[in-house]
Amino acid sequence: MEDKKVILETKNAYRYFGSYAAVNDLSFQIFENEILGVAGPNGSGKTTLMNIITQVIPPSRGEIIFNGQPIQNFKAHDICHLGIARTYQQPMIFATLSVMDNMMIGATFGKKKGGDRARIDELEQILKFIGLDGKKEMIADKLLVSEKKKLMIAIALATKPKLLILDEPCAGLTTIESKEIIQLIERINKQGMTVLLIEHNMQVLMNISHRVMIIDQGSKMCEGTPEYVYNNEQVIEKYLGRKKKKGVDL
């Protein structure tokens with residue numbers, strides 16, 4: 001990835017809650033068109049990291065740079081306008097509205113001021129790509145959990161992002177449903193989308209990511225190719241809980 005453009009980076013980022021640093025002097029980069037997987041023990045600061053990138057909460061210190069522009073003082077809606085969209089661990093949708101109405105909200109919220117109103121056919125193409133085109137008139141709350149997670153991704157795509165952040169998209173899903181989400185992420189990435197993926201399932205993360213970063217207690221433990229990370233002694237001892245083997249044992 002050395003010859004790739006850096007689309008997002010954090011420099012010495014901190015987020016304190018009282019005296020506790022949930023994100024602790026964390027610096028990393030995401031390259032354009034890659035999938036960067038992020039994992040770590042529960043409470044390691046993964047979701048807090050996503051929250052400070054998207055300005056759900058501001059960083060306490062440090063820089064967050066998107067396409068060469070510092071964004072740590074921006075508002076959440078400004079982050080979306082710039083081209084960063086995210087999903088959450090639990091479905092966050094407008095439950096009483098239709099699937100298409102959810103899409104329209106995403107398209108309207110994500111557009112820059114002065115932009116044209118998103119065309120319905122563009123949103124229908126996204127729903128078709130996601131696999132929800134037959135349910136565009138359905139009330140969102142009636143969707144299955146896996147479909148609600150797909151809808152979250154669709155809403156994020158409706159904002160026309162350059163960077164898509166996914167927070168444990170496979171959490172709570174069956175093996176078959178998880179495979180569908182993984183295949184969807186791969187198809188999104190093949191269309192040129194940069195993806196920052198938090199995922200607790202290491203098998204999923206290792207199989208889909210171009211690079212992997214493990215964080216612990218808010219700090220970077222290890223970063224590199226999936227094979228390098230999976231065979232790193234510190235990661236094995238602190239996170240994977242297995243004996244070291246040669247190669248990636250998946």
# chains A, B, ... in the order shown; residues from 1 in each chain; ligands from 1
>>> select_by_dssp(residues="segment 7-180 of chain A", states="strand (DSSP E or B)", output="ChimeraX atom specification")
/A:7-17,20-31,35-39,61-66,69-70,84-86,98,139,163-167
>>> closest_atom_pairs(of="segment 30-71 of chain A", to="segment 151-164 of chain A", cutoff="12 Å", atoms="only C-alpha atoms", output="tab-separated table")
residue	atom	partner	partner_atom	distance
A:Ile30	CA	A:Leu163	CA	9.4
A:Phe31	CA	A:Leu163	CA	10.0
A:Glu32	CA	A:Leu163	CA	8.4
A:Asn33	CA	A:Leu163	CA	8.7
A:Glu34	CA	A:Leu163	CA	9.8
A:Ile35	CA	A:Leu164	CA	9.6
A:Leu36	CA	A:Leu164	CA	10.7
A:Met50	CA	A:Leu164	CA	10.9
A:Ile53	CA	A:Leu163	CA	11.1
A:Thr54	CA	A:Leu164	CA	10.7
A:Phe66	CA	A:Leu163	CA	9.4
A:Asn67	CA	A:Lys162	CA	9.7
>>> residues_around(residues="Leu197 of chain A", least_positions_apart="3", cutoff="7 Å", atoms="only C-alpha atoms", output="list in words")
Ile35, Leu36, Gly37, Val38, Ile165, Leu166 and Asp167 of chain A
>>> closest_residue(among="A:Met206, A:Ile130, A:Ile84, A:Ala22", to="Asn42 of chain A", atoms="only C-alpha atoms")
A:Ala22
>>> residues_around(residues="segment 70-72 of chain A", least_positions_apart="4", cutoff="7 Å", atoms="only C-alpha atoms", output="list of chain:residue names")
A:Pro58, A:Pro59, A:Glu63, A:Ile64, A:Ile65, A:Phe66
>>> write_last_selection(atoms="N, CA and C atoms", output="compact mmCIF listing (two decimals), in the first residue's frame")
# COMPACT_ATOMS: atom_id res chain seq x y z
N PRO A 58 -15.97 14.39 20.12
CA PRO A 58 -14.70 14.94 19.62
C PRO A 58 -13.51 14.26 20.28
N PRO A 59 -12.36 14.23 19.60
CA PRO A 59 -11.15 13.77 20.27
C PRO A 59 -10.73 14.78 21.34
N GLU A 63 -4.80 14.90 15.99
CA GLU A 63 -5.34 15.29 14.70
C GLU A 63 -6.03 14.12 14.00
N ILE A 64 -7.11 14.44 13.28
CA ILE A 64 -7.76 13.50 12.37
C ILE A 64 -7.79 14.19 11.02
N ILE A 65 -7.18 13.56 10.03
CA ILE A 65 -7.00 14.20 8.73
C ILE A 65 -7.68 13.34 7.66
N PHE A 66 -8.58 13.96 6.88
CA PHE A 66 -9.29 13.27 5.81
C PHE A 66 -8.98 13.97 4.49
>>> residues_around(residues="segment 10-13 of chain A", least_positions_apart="3", cutoff="6 Å", atoms="only C-alpha atoms", output="VMD selection string")
chain A and resid 25 to 28 61 to 64
>>> residues_around(residues="Gly172 of chain A", least_positions_apart="6", cutoff="9 Å", atoms="only C-alpha atoms", output="ChimeraX atom specification")
/A:90,145-146,178
>>> closest_residue(among="A:Gly131, A:Pro91, A:Gly224, A:Gly192", to="Lys149 of chain A", atoms="only C-alpha atoms")
A:Pro91
>>> select_by_dssp(residues="segment 9-133 of chain A", states="alpha helix (DSSP H)", output="number ranges by chain")
A: 46-53, 76-82, 99-110, 120-130
>>> atom_distance(atom1="atom CA of Thr108 of chain A", atom2="atom CA of Met92 of chain A")
16.9 Å
>>> atom_distance(atom1="atom CA of Val229 of chain A", atom2="atom CA of Arg211 of chain A")
8.7 Å
